[in-house]
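The file final-v9.tsv comes next; it holds TSV, C-alpha atoms.
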chain	number	residue	atom	x	y	z
X	1	ILE	CA	12.19	32.98	93.22
X	2	ALA	CA	9.81	30.16	93.94
X	3	ALA	CA	8.02	32.08	96.65
X	4	LYS	CA	4.42	32.91	95.91
X	5	LYS	CA	3.60	35.15	98.85
X	6	VAL	CA	5.97	37.89	99.86
X	7	LEU	CA	5.71	40.20	102.87
X	8	ILE	CA	7.76	43.40	102.88
X	9	VAL	CA	8.03	45.04	106.27
X	10	TYR	CA	9.00	48.57	105.40
X	11	ALA	CA	10.05	51.39	107.73
X	12	HIS	CA	10.67	54.77	106.16
X	13	GLN	CA	8.42	57.77	106.31
X	14	SER	CA	9.28	59.46	103.01
X	15	SER	CA	7.93	58.29	99.68
X	16	GLY	CA	10.75	60.23	98.04
X	17	SER	CA	13.49	58.33	99.87
X	18	PHE	CA	15.97	55.83	98.50
X	19	ASN	CA	14.37	53.27	100.80
X	20	ALA	CA	11.02	53.86	99.09
X	21	ALA	CA	12.64	53.45	95.68
X	22	ALA	CA	14.27	50.18	96.73
X	23	LYS	CA	11.00	48.90	98.18
X	24	ASN	CA	9.09	49.90	95.03
X	25	ALA	CA	11.64	48.10	92.87
X	26	ALA	CA	11.20	44.94	94.95
X	27	VAL	CA	7.41	45.12	94.68
X	28	GLU	CA	7.57	45.65	90.94
X	29	VAL	CA	10.05	42.87	90.20
X	30	LEU	CA	8.47	40.30	92.50
X	31	THR	CA	4.99	41.04	91.17
X	32	ALA	CA	6.27	40.65	87.61
X	33	GLN	CA	7.59	37.24	88.63
X	34	GLY	CA	4.11	36.17	89.71
X	35	CYS	CA	4.43	36.72	93.45
X	36	THR	CA	1.72	38.23	95.60
X	37	VAL	CA	3.42	41.04	97.46
X	38	GLU	CA	2.06	42.60	100.62
X	39	VAL	CA	3.72	45.63	102.20
X	40	SER	CA	3.45	46.49	105.88
X	41	ASP	CA	4.30	50.19	105.68
X	42	LEU	CA	4.96	50.76	109.37
X	43	CYS	CA	5.23	54.55	109.30
X	44	ALA	CA	2.09	54.95	107.18
X	45	MET	CA	0.30	52.56	109.55
X	46	SER	CA	1.62	54.49	112.57
X	47	PHE	CA	2.56	51.08	113.88
X	48	LYS	CA	2.84	51.14	117.68
X	49	ALA	CA	6.53	51.03	118.55
X	50	THR	CA	6.43	50.01	122.19
X	51	ALA	CA	5.53	46.75	123.86
X	52	THR	CA	2.96	47.59	126.53
X	53	ALA	CA	0.12	46.05	128.49
X	54	GLU	CA	-2.29	47.50	125.93
X	55	ASP	CA	-1.12	44.74	123.58
X	56	ILE	CA	-3.17	42.24	125.58
X	57	LYS	CA	-6.95	42.11	125.32
X	58	GLY	CA	-8.93	41.47	128.48
X	59	ASP	CA	-7.54	40.85	131.93
X	60	LEU	CA	-3.86	40.51	132.60
X	61	LYS	CA	-2.39	37.67	134.60
X	62	ASN	CA	-0.68	40.16	136.92
X	63	ALA	CA	-1.84	43.73	136.33
X	64	ASP	CA	0.04	45.05	139.37
X	65	ASN	CA	3.42	44.02	138.00
X	66	VAL	CA	3.26	43.49	134.28
X	67	CYS	CA	5.84	41.12	132.84
X	68	TYR	CA	5.46	41.58	129.09
X	69	LEU	CA	7.13	38.28	128.24
X	70	ASP	CA	4.74	36.29	130.44
X	71	GLU	CA	1.64	38.25	129.51
X	72	SER	CA	2.25	38.22	125.76
X	73	LYS	CA	3.03	34.49	125.75
X	74	LEU	CA	-0.21	33.77	127.58
X	75	ALA	CA	-2.17	36.13	125.35
X	76	TRP	CA	-0.73	34.48	122.27
X	77	GLU	CA	-1.78	31.05	123.55
X	78	GLN	CA	-5.26	32.36	124.31
X	79	GLY	CA	-5.69	34.43	121.15
X	80	LYS	CA	-5.81	37.64	123.17
X	81	LEU	CA	-3.07	39.67	121.50
X	82	SER	CA	-4.14	43.03	120.07
X	83	ASP	CA	-5.53	43.13	116.54
X	84	ASP	CA	-2.53	44.89	114.98
X	85	ILE	CA	-0.13	42.24	116.31
X	86	THR	CA	-2.40	39.37	115.29
X	87	LYS	CA	-2.71	40.80	111.80
X	88	GLU	CA	1.05	41.10	111.34
X	89	GLN	CA	1.59	37.59	112.69
X	90	ALA	CA	-0.97	36.26	110.20
X	91	LYS	CA	0.81	38.02	107.32
X	92	LEU	CA	4.08	36.45	108.44
X	93	ALA	CA	2.57	32.99	108.75
X	94	GLU	CA	1.21	33.21	105.21
X	95	ALA	CA	4.39	34.57	103.65
X	96	ASP	CA	6.88	32.32	101.90
X	97	LEU	CA	9.40	35.15	101.86
X	98	SER	CA	9.70	38.13	104.19
X	99	LEU	CA	11.79	41.22	103.45
X	100	PHE	CA	12.74	43.81	106.02
X	101	GLN	CA	13.49	47.12	104.37
X	102	PHE	CA	14.75	50.00	106.47
X	103	PRO	CA	17.41	52.70	106.73
X	104	MET	CA	20.39	51.82	108.89
X	105	TYR	CA	21.93	54.51	111.02
X	106	TRP	CA	25.08	53.28	112.67
X	107	PHE	CA	23.66	49.80	112.11
X	108	SER	CA	20.74	50.34	114.35
X	109	VAL	CA	17.18	49.95	113.12
X	110	PRO	CA	14.39	52.50	113.31
X	111	GLY	CA	12.41	52.47	116.56
X	112	ILE	CA	9.21	51.60	114.75
X	113	LEU	CA	10.81	48.45	113.29
X	114	LYS	CA	12.34	47.50	116.64
X	115	GLY	CA	8.78	47.84	117.97
X	116	TRP	CA	7.52	45.52	115.25
X	117	PHE	CA	10.13	42.88	116.18
X	118	ASP	CA	9.42	43.34	119.89
X	119	ARG	CA	5.67	42.99	119.49
X	120	VAL	CA	5.16	40.68	116.50
X	121	LEU	CA	8.13	38.33	116.85
X	122	THR	CA	9.92	38.37	120.18
X	123	ASN	CA	10.47	40.96	122.83
X	124	GLY	CA	13.74	42.33	124.01
X	125	PHE	CA	16.56	41.40	121.68
X	126	ALA	CA	19.29	43.92	121.16
X	127	PHE	CA	21.00	44.76	117.90
X	128	SER	CA	24.69	44.06	117.70
X	129	GLN	CA	27.09	46.75	116.61
X	130	GLU	CA	30.28	44.71	117.00
X	131	LYS	CA	29.98	42.98	113.64
X	132	PRO	CA	27.69	45.47	112.04
X	133	TYR	CA	27.59	44.32	108.44
X	134	SER	CA	26.70	40.80	109.47
X	135	LEU	CA	23.96	42.09	111.76
X	136	GLU	CA	24.55	38.94	113.81
X	137	THR	CA	22.07	39.62	116.56
X	138	PHE	CA	19.33	40.60	114.18
X	139	LYS	CA	20.00	37.52	112.08
X	140	ASN	CA	20.51	34.95	114.82
X	141	GLY	CA	19.02	36.50	117.96
X	142	ILE	CA	15.75	37.31	116.27
X	143	LEU	CA	15.25	35.75	112.86
X	144	ASN	CA	16.91	32.34	113.23
X	145	TYR	CA	15.56	32.15	116.78
X	146	CYS	CA	12.04	32.64	115.40
X	147	GLY	CA	12.47	29.97	112.74
X	148	PHE	CA	13.42	31.97	109.65
X	149	GLN	CA	15.89	30.72	107.12
X	150	VAL	CA	17.89	33.88	106.64
X	151	LEU	CA	19.21	34.95	103.25
X	152	ALA	CA	22.22	37.21	102.78
X	153	PRO	CA	21.44	40.86	103.43
X	154	GLN	CA	21.28	43.34	100.59
X	155	ILE	CA	22.95	46.48	101.86
X	156	PHE	CA	23.05	49.73	99.89
X	157	TRP	CA	25.92	51.75	101.29
X	158	ALA	CA	25.53	55.49	101.83
X	159	PRO	CA	22.87	56.26	99.21
X	160	ALA	CA	22.87	59.89	100.37
X	161	LEU	CA	26.48	60.25	99.19
X	162	VAL	CA	26.41	58.70	95.73
X	163	ASP	CA	25.39	60.36	92.47
X	164	ALA	CA	22.17	59.87	90.54
X	165	GLY	CA	23.67	57.38	88.11
X	166	GLU	CA	24.82	55.13	90.92
X	167	LEU	CA	21.45	55.45	92.67
X	168	ALA	CA	19.68	54.37	89.47
X	169	HIS	CA	22.05	51.42	89.23
X	170	MET	CA	21.26	50.43	92.82
X	171	THR	CA	17.56	50.10	92.09
X	172	ALA	CA	17.88	48.81	88.52
X	173	ARG	CA	15.46	46.03	87.57
X	174	PRO	CA	16.91	42.84	86.12
X	175	ALA	CA	17.00	42.93	82.30
K	1	ILE	CA	26.89	62.84	146.25
K	2	ALA	CA	27.62	66.48	145.50
K	3	ALA	CA	24.94	66.69	142.82
K	4	LYS	CA	22.12	69.06	143.55
K	5	LYS	CA	19.83	68.35	140.64
K	6	VAL	CA	19.11	64.79	139.61
K	7	LEU	CA	17.13	63.57	136.62
K	8	ILE	CA	15.86	59.99	136.61
K	9	VAL	CA	14.71	58.78	133.20
K	10	TYR	CA	12.54	55.83	134.09
K	11	ALA	CA	10.96	53.29	131.75
K	12	HIS	CA	8.68	50.70	133.33
K	13	GLN	CA	4.94	50.65	133.21
K	14	SER	CA	4.12	48.93	136.49
K	15	SER	CA	4.23	50.71	139.82
K	16	GLY	CA	4.43	47.28	141.47
K	17	SER	CA	7.60	46.30	139.63
K	18	PHE	CA	11.10	45.87	141.00
K	19	ASN	CA	12.13	48.71	138.69
K	20	ALA	CA	9.63	51.00	140.38
K	21	ALA	CA	10.94	49.96	143.82
K	22	ALA	CA	14.53	50.69	142.75
K	23	LYS	CA	13.52	54.06	141.30
K	24	ASN	CA	11.57	54.95	144.46
K	25	ALA	CA	14.56	54.04	146.62
K	26	ALA	CA	16.78	56.33	144.54
K	27	VAL	CA	14.31	59.22	144.81
K	28	GLU	CA	14.01	58.75	148.56
K	29	VAL	CA	17.73	58.50	149.30
K	30	LEU	CA	18.78	61.33	146.97
K	31	THR	CA	16.06	63.62	148.31
K	32	ALA	CA	17.17	62.86	151.88
K	33	GLN	CA	20.67	63.91	150.86
K	34	GLY	CA	19.39	67.31	149.76
K	35	CYS	CA	19.13	66.73	146.04
K	36	THR	CA	16.27	67.95	143.90
K	37	VAL	CA	15.06	64.88	142.04
K	38	GLU	CA	13.00	64.99	138.88
K	39	VAL	CA	11.62	61.82	137.31
K	40	SER	CA	10.77	61.50	133.62
K	41	ASP	CA	8.38	58.55	133.82
K	42	LEU	CA	8.33	57.69	130.12
K	43	CYS	CA	5.50	55.15	130.20
K	44	ALA	CA	3.28	57.39	132.34
K	45	MET	CA	4.04	60.27	129.95
K	46	SER	CA	3.33	58.03	126.93
K	47	PHE	CA	6.59	59.38	125.60
K	48	LYS	CA	6.72	59.12	121.81
K	49	ALA	CA	9.06	56.26	120.94
K	50	THR	CA	9.82	56.97	117.30
K	51	ALA	CA	11.82	59.69	115.63
K	52	THR	CA	9.58	61.19	112.96
K	53	ALA	CA	9.04	64.39	110.99
K	54	GLU	CA	6.43	65.40	113.57
K	55	ASP	CA	9.32	66.17	115.91
K	56	ILE	CA	10.03	69.32	113.92
K	57	LYS	CA	7.82	72.41	114.19
K	58	GLY	CA	7.11	74.35	111.03
K	59	ASP	CA	8.45	73.63	107.59
K	60	LEU	CA	10.96	70.92	106.90
K	61	LYS	CA	14.12	71.51	104.91
K	62	ASN	CA	13.20	68.63	102.60
K	63	ALA	CA	9.67	67.35	103.16
K	64	ASP	CA	9.80	65.06	100.13
K	65	ASN	CA	12.68	63.04	101.49
K	66	VAL	CA	13.00	63.48	105.22
K	67	CYS	CA	16.44	62.90	106.65
K	68	TYR	CA	15.86	62.92	110.40
K	69	LEU	CA	19.51	63.62	111.25
K	70	ASP	CA	19.58	66.73	109.05
K	71	GLU	CA	16.14	67.97	109.98
K	72	SER	CA	16.54	67.53	113.73
K	73	LYS	CA	19.97	69.19	113.74
K	74	LEU	CA	18.55	72.19	111.92
K	75	ALA	CA	15.48	72.30	114.14
K	76	TRP	CA	17.66	72.16	117.24
K	77	GLU	CA	19.72	75.10	115.97
K	78	GLN	CA	16.56	77.05	115.19
K	79	GLY	CA	14.66	76.11	118.36
K	80	LYS	CA	12.04	74.23	116.35
K	81	LEU	CA	12.14	70.82	118.00
K	82	SER	CA	8.83	69.63	119.43
K	83	ASP	CA	7.90	70.65	122.96
K	84	ASP	CA	8.35	67.21	124.51
K	85	ILE	CA	11.91	66.94	123.19
K	86	THR	CA	12.79	70.49	124.20
K	87	LYS	CA	11.47	69.86	127.70
K	88	GLU	CA	13.54	66.71	128.14
K	89	GLN	CA	16.65	68.42	126.79
K	90	ALA	CA	16.13	71.27	129.30
K	91	LYS	CA	15.83	68.79	132.17
K	92	LEU	CA	19.07	67.17	131.05
K	93	ALA	CA	20.88	70.50	130.73
K	94	GLU	CA	19.88	71.42	134.28
K	95	ALA	CA	20.76	68.09	135.83
K	96	ASP	CA	24.08	67.50	137.57
K	97	LEU	CA	23.39	63.77	137.60
K	98	SER	CA	21.20	61.71	135.29
K	99	LEU	CA	20.06	58.17	136.03
K	100	PHE	CA	18.59	55.83	133.44
K	101	GLN	CA	16.45	53.19	135.10
K	102	PHE	CA	14.95	50.42	133.01
K	103	PRO	CA	14.44	46.68	132.75
K	104	MET	CA	16.97	44.85	130.58
K	105	TYR	CA	15.78	41.99	128.44
K	106	TRP	CA	18.67	40.25	126.80
K	107	PHE	CA	20.58	43.49	127.35
K	108	SER	CA	18.36	45.49	125.11
K	109	VAL	CA	16.49	48.55	126.36
K	110	PRO	CA	12.75	49.17	126.17
K	111	GLY	CA	11.56	50.74	122.93
K	112	ILE	CA	10.27	53.80	124.74
K	113	LEU	CA	13.73	54.48	126.20
K	114	LYS	CA	15.43	53.86	122.85
K	115	GLY	CA	12.98	56.45	121.51
K	116	TRP	CA	14.04	58.86	124.23
K	117	PHE	CA	17.70	58.43	123.32
K	118	ASP	CA	16.92	58.72	119.59
K	119	ARG	CA	14.89	61.89	119.99
K	120	VAL	CA	16.40	63.72	122.97
K	121	LEU	CA	20.06	62.80	122.60
K	122	THR	CA	21.16	61.38	119.29
K	123	ASN	CA	19.43	59.35	116.65
K	124	GLY	CA	20.37	55.92	115.48
K	125	PHE	CA	22.83	54.24	117.79
K	126	ALA	CA	22.50	50.55	118.32
K	127	PHE	CA	22.89	48.70	121.56
K	128	SER	CA	25.71	46.23	121.77
K	129	GLN	CA	25.09	42.69	122.83
K	130	GLU	CA	28.67	41.48	122.46
K	131	LYS	CA	29.84	42.75	125.84
K	132	PRO	CA	26.46	43.02	127.44
K	133	TYR	CA	27.30	43.79	131.04
K	134	SER	CA	29.52	46.68	130.01
K	135	LEU	CA	26.84	48.02	127.69
K	136	GLU	CA	29.67	49.50	125.66
K	137	THR	CA	27.62	51.03	122.90
K	138	PHE	CA	25.16	52.57	125.27
K	139	LYS	CA	27.99	53.93	127.38
K	140	ASN	CA	30.34	55.13	124.64
K	141	GLY	CA	28.21	55.35	121.52
K	142	ILE	CA	25.55	57.44	123.20
K	143	LEU	CA	26.49	58.79	126.61
K	144	ASN	CA	30.18	59.58	126.25
K	145	TYR	CA	29.50	60.75	122.72
K	146	CYS	CA	26.97	63.23	124.07
K	147	GLY	CA	29.34	64.53	126.74
K	148	PHE	CA	28.35	62.55	129.81
K	149	GLN	CA	30.86	61.36	132.34
K	150	VAL	CA	29.58	57.84	132.82
K	151	LEU	CA	29.55	56.14	136.22
K	152	ALA	CA	29.63	52.38	136.66
K	153	PRO	CA	26.26	50.77	136.02
K	154	GLN	CA	24.21	49.35	138.87
K	155	ILE	CA	22.75	46.10	137.59
K	156	PHE	CA	20.24	44.03	139.57
K	157	TRP	CA	20.40	40.53	138.17
K	158	ALA	CA	17.22	38.54	137.64
K	159	PRO	CA	14.99	40.17	140.26
K	160	ALA	CA	12.12	37.95	139.11
K	161	LEU	CA	14.04	34.88	140.28
K	162	VAL	CA	15.24	35.87	143.76
K	163	ASP	CA	13.32	35.66	147.02
K	164	ALA	CA	11.72	38.50	148.95
K	165	GLY	CA	14.62	38.83	151.37
K	166	GLU	CA	17.10	39.30	148.57
K	167	LEU	CA	14.77	41.78	146.83
K	168	ALA	CA	14.55	43.83	150.02
K	169	HIS	CA	18.33	43.76	150.25
K	170	MET	CA	18.62	45.00	146.65
K	171	THR	CA	16.61	48.12	147.38
K	172	ALA	CA	17.83	48.67	150.96
K	173	ARG	CA	18.56	52.28	151.92
K	174	PRO	CA	21.97	53.07	153.37
K	175	ALA	CA	21.97	52.94	157.19

Can you present the structure in this file as structure tokens?
Amino acid sequence: IAAKKVLIVYAHQSSGSFNAAAKNAAVEVLTAQGCTVEVSDLCAMSFKATATAEDIKGDLKNADNVCYLDESKLAWEQGKLSDDITKEQAKLAEADLSLFQFPMYWFSVPGILKGWFDRVLTNGFAFSQEKPYSLETFKNGILNYCGFQVLAPQIFWAPALVDAGELAHMTARPA
Amino acid sequence: IAAKKVLIVYAHQSSGSFNAAAKNAAVEVLTAQGCTVEVSDLCAMSFKATATAEDIKGDLKNADNVCYLDESKLAWEQGKLSDDITKEQAKLAEADLSLFQFPMYWFSVPGILKGWFDRVLTNGFAFSQEKPYSLETFKNGILNYCGFQVLAPQIFWAPALVDAGELAHMTARPA
């Protein structure tokens, strides 16, 4: 991987989870390859999961009837987005490669990660269930729309149902 | 409407919004018809939008690797779900009719309402964008799945783009 700076946006609350193991494997391997890896651990950060007027510093354009799309666009132009959003946007801007690591339940994403997409990238996109394994809406409606070149997803199926040997294989480091 | 008890789960932060006007019209008309109307105003309640281990009182079954589906099922059986969830579930159980009132952006739902569905009803369902106006996943994947008989949705298209006369028509009370 030619990328030098990697951002992992990670959404799982248990350090003993398979998700944590997969994230740790990524950090380890990428670091060994010379990358600088930063992890946004959303649960540990208690990242705010809802897009609200509190995301804008100072006066709103229309406080009586808040339109988040209008207000956040204006705040972004004026540098008035809240510090946590600005910080995540800066991490993204610096990253050559971004990984989103999360558990999928019925092909949805955790609320805290939806909140990250809503607040840091773009508000309001849904997540398709019709073609779940391609995650079309996530890929095109959010990531392509925001300018990412999207790589193929790495999906670990049903880690709760496989045995320890298979789990170890899933997170094996390259030889 | 034969319903006597109505629950409106409402997710918009501005009292000056079209959503607020539509919700107020529903409260007014249903009350005039003899219904008891309760509103869960999620933004005003700062309803917690993410499903986390804090939703379970007392010890977890597996604190080292929290599986929310397992833990919340067990906590529900044992009456150990957090007070805010228990309260919303009680409102739902008492209601003859439940209304979900929220702004749609690209046919997604606000994070705070997704959090309500995740925590009060069932965790993890996605929201379909493929057949947006039928909101199939929302209707079948959540509501039918949880035992609701689902009525046809009432969708107000693009209230931000229509004139005052049309807005007034949209929220007009029956004569």

>> Just checking: using all atoms listed in the file, which residue out of X:Phe117, X:Lys48, X:Ser15, X:Gly79 ends up closest to Leu143 (chain X)?
In response: X:Phe117

> Just how far from CA of Glu88 (chain X) is CA of Lys4 (chain X), in Å to one decimal?
Replying inline: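 A separation of 17.8 Å between them.
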
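Interatomic distance, CA of Ile56 (chain K) to CA of Lys114 (chain X): 22.1 Å.
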
>> as a list in words, please: the residues near region 93-104 of chain K (cut-off 7 Å, all atoms listed in the file, same-chain neighbours under 2 positions excluded).
In response: Ala3, Lys4, Lys5, Val6, Leu7, Ile8, Val9, Tyr10, Ala11, His12, Asn19, Lys23, Gln89, Ala90, Lys91, Trp106, Phe107, Ser108 and Val109 of chain K

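Shown here are all protein and nucleic acid residues lying within 12 Å of (-3.8, 47.2, 127.5), with all atoms listed in the file considered: Thr50, Ala51, Thr52, Ala53, Glu54, Asp55, Ile56, Lys57, Gly58, Asp59, Leu60, Lys61, Ala63, Val66, Tyr68, Glu71, Ser72, Ala75, Lys80, Leu81, Ser82 and Asp83 of chain X; Gln13 of chain K.
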
> Which one of K:Ala172, K:Leu167, K:Cys67, K:Val162 sits closest to chain X if you count only C-alpha atoms?
Replying inline: K:Cys67

> When distances are computed from all atoms listed in the file, which of K:Ala21, K:Leu92, K:Ile155, K:Val39 shows the smallest separation from chain X?
Replying inline: K:Ala21

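Atom pair CA of Leu151 (chain K) / CA of Phe138 (chain K) has a distance of 12.3 Å (rounded to one decimal).
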
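Nearest residue to chain X among K:Cys146, K:Ile112, K:Val120, K:Ala44 is K:Ile112, counting only C-alpha atoms.
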
> Which of these, K:Gly141, K:Thr86, K:Gly34, K:Gln149, has the shortest distance to Trp116 (chain K) once you count only C-alpha atoms?
Replying inline: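 Closest to Trp116 (chain K) of all the choices is K:Thr86.
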
>> Between X:Ala22, X:Val29, X:Cys35, X:Leu113, which residue has the minimum interatomic distance to chain K, considering all atoms listed in the file?
In response: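 Closest to chain K of all the choices is X:Leu113.
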
>> Which residues are close to Pro174 (chain K), i.e. within 12 Å by all atoms listed in the file, leaving aside same-chain residues fewer than 5 positions away? Reply as a PyMOL selection string.
In response: chain K and resi 25-26+28-30+32-33+169
